[in-house]
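Engineer: Attaching a single structure in structure tokens format; questions to follow.
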Amino acid sequence: MWRNEAKIKSAHRHGRDRAEALLKNRLVITIELILVVTLQIFQAIGWTSAALAYLFFIGWLSLWLRRNGWRQLGLNRPTSWLGAIGAGAVVGLVCQAVSIGLIVPGLSRLTHRPLDLGQFAALHESVPQLILWLTTSWTIGAFGEELVYRGYLLNRVADLFKVRQAGWIMGLIGSSALFGLGHAYQGIPGIFETFLFGCGMAGLYLAGRRNIWLPVIAHGVYDTVALVLIFLGLVP
């Protein structure tokens with residue numbers, strides 16, 4: 001009986017090993033990423049409004065099947081919380097200042113279209129809306145989006161490449177492009193502006209030795225400044 005149990009366990013481990021090896025196959029990774037891109041396109045054209053939730057589930061399932069977890073993607077305690085909060089806050093403030101003062105005006109002139117912030121119209125001078133949007137921006141926006149785009153997608157794109165440095169570069173560009181597409185509701189300037197912001201967050205993630213908390217904090221501060229400015233009527 002013990003031998004039969006040992007054989008069953010061995011067969012189970014062997015099956016899991018084969019499944020894990022299959023999930024690391026480039027063809028499988030490509031199919032996985034095609035599914036992700038399709039979902040992001042569906043959201044951009046209005047066929048779904050919950051692409052982030054689907055992407056999170058795909059990321060979680062992919063990691064579980066490969067016997068990995070979010071910790072392997074950087075969801076670890078930073079070396080110094082004070083340092084992470086300080087660095088993230090500074091990066092978020094600088095990115096927002098550059099966006100408002102340079103990137104958004106430049107893109108609007110280039111595309112002859114303004115940044116579409118219609119989704120935030122009810123936020124103006126509404127404290128309940130401000131609280132709601134701040135809560136959403138830190139949970140779904142900062143934490144959720146960074147976990148999906150910088151954690152899961154950047155690393156999954158990098159898995160396609162044998163040369164790791166090339167993989168990180170393509171992962172940075174690819175995940176940021178999908179991040180930008182996910183903000184199509186802000187119009188063409190919003191897509192490109194978010195793409196550039198995503199590149200900055202991906203660079204911060206890689207520079208911080210793939211610790212996800214740095215871009216989470218920077219993203220949260222970036223969004224907080226934007227929401228407060230809209231609330232005060234300083235952003236049309």
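Every chain in the structure tokens has a letter given in the order shown (A, B, ...), and although residue numbers restart at 1 in each chain, ligands are simply numbered from 1 in the order shown.
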When you look at Asp159 in chain A with a cut-off of 12 Å (counting only C-alpha atoms), what residues show up, excluding the ones that are within fewer than 6 positions of it in the same chain? I need them as a ChimeraX atom specification.
Structural biologist: /A:23-30,32-33,152-153,165-171
Engineer: Enumerate as a ChimeraX atom specification all residues of range 2-142 of chain A assigned to alpha helix (DSSP H) by DSSP on the backbone, naming them with the chain letters and numbers the document uses.
Structural biologist: /A:2-23,26-44,51-65,81-98,104-111,127-136
Engineer: So what do you get for CA of Arg66 in chain A versus CA of Ile212 in chain A, distance-wise?
Structural biologist: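 Here the two named atoms are 19.8 Å from each other.
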Engineer: Compare A:Gly141, A:Gly190, A:Gly151, A:Gly106 by their minimum atom-to-atom distance to Ser175 in chain A, counting only C-alpha atoms, and give me the closest one.
Structural biologist: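 Residue with the minimum atom-to-atom distance to Ser175 in chain A: A:Gly151.
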Engineer: Report, in Å with one decimal, the straight-line distance from CA of Ser62 in chain A to CA of Gly144 in chain A.
Structural biologist: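 Spanning CA of Ser62 in chain A to CA of Gly144 in chain A is a straight-line distance of 16.5 Å.
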Engineer: With only C-alpha atoms as the counted atoms, please give the residues lying no more than 12 Å from Pro78 in chain A, apart from itself and same-chain residues fewer than 5 positions off, as a PyMOL selection string.
Structural biologist: chain A and resi 71+83-85+87-88+205+208-217
Engineer: Give me the residues within 10 Å of Gly174 in chain A as a ChimeraX atom specification, counting only C-alpha atoms and dropping any in the same chain fewer than 4 places off.
Structural biologist: /A:37,149,153-154,157-158,168-170,178-180,195,198-199
Engineer: Just the residues within 8 Å of Pro114 in chain A, please, counting only C-alpha atoms, with nothing from its chain fewer than 3 positions along; format it as a PDB file with N, CA and C atoms, in the first residue's frame.
Structural biologist:
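After the write, around_32.pdb holds the following:
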ATOM      1  N   SER A 108      -1.384  67.104 -26.527  1.00  0.00           N
ATOM      2  CA  SER A 108      -2.627  67.741 -26.977  1.00  0.00           C
ATOM      3  C   SER A 108      -2.396  68.573 -28.233  1.00  0.00           C
ATOM      4  N   GLY A 187      -8.739  59.216 -24.207  1.00  0.00           N
ATOM      5  CA  GLY A 187      -8.407  59.686 -25.552  1.00  0.00           C
ATOM      6  C   GLY A 187      -6.976  59.366 -25.926  1.00  0.00           C
ATOM      7  N   PRO A 189      -4.298  61.326 -26.351  1.00  0.00           N
ATOM      8  CA  PRO A 189      -3.266  61.878 -25.455  1.00  0.00           C
ATOM      9  C   PRO A 189      -3.139  61.067 -24.170  1.00  0.00           C
TER      10      PRO A 189
END
Engineer: Just the residues within 9 Å of Trp133 in chain A, please, counting only C-alpha atoms, with nothing from its chain fewer than 3 positions along; format it as a PyMOL selection string.
Structural biologist: chain A and resi 120+123+128-130+136-138+224+227
Engineer: Which one of A:Ala89, A:Leu147, A:Leu115, A:Val94 sits closest to Leu55 in chain A if you count only C-alpha atoms?
Structural biologist: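 For Leu55 in chain A, the nearest of the given residues is A:Leu147.
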Engineer: Rounded to one decimal place, report the CA of Arg67 in chain A-CA of Ala202 in chain A distance in Å.
Structural biologist: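 Between CA of Arg67 in chain A and CA of Ala202 in chain A the gap works out to 24.0 Å.
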Engineer: From the list A:Ile100, A:Val36, A:Leu117, A:Leu63, which residue is nearest Ala184 in chain A when using only C-alpha atoms?
Structural biologist: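 Among the listed residues, the smallest separation from Ala184 in chain A belongs to A:Leu117.
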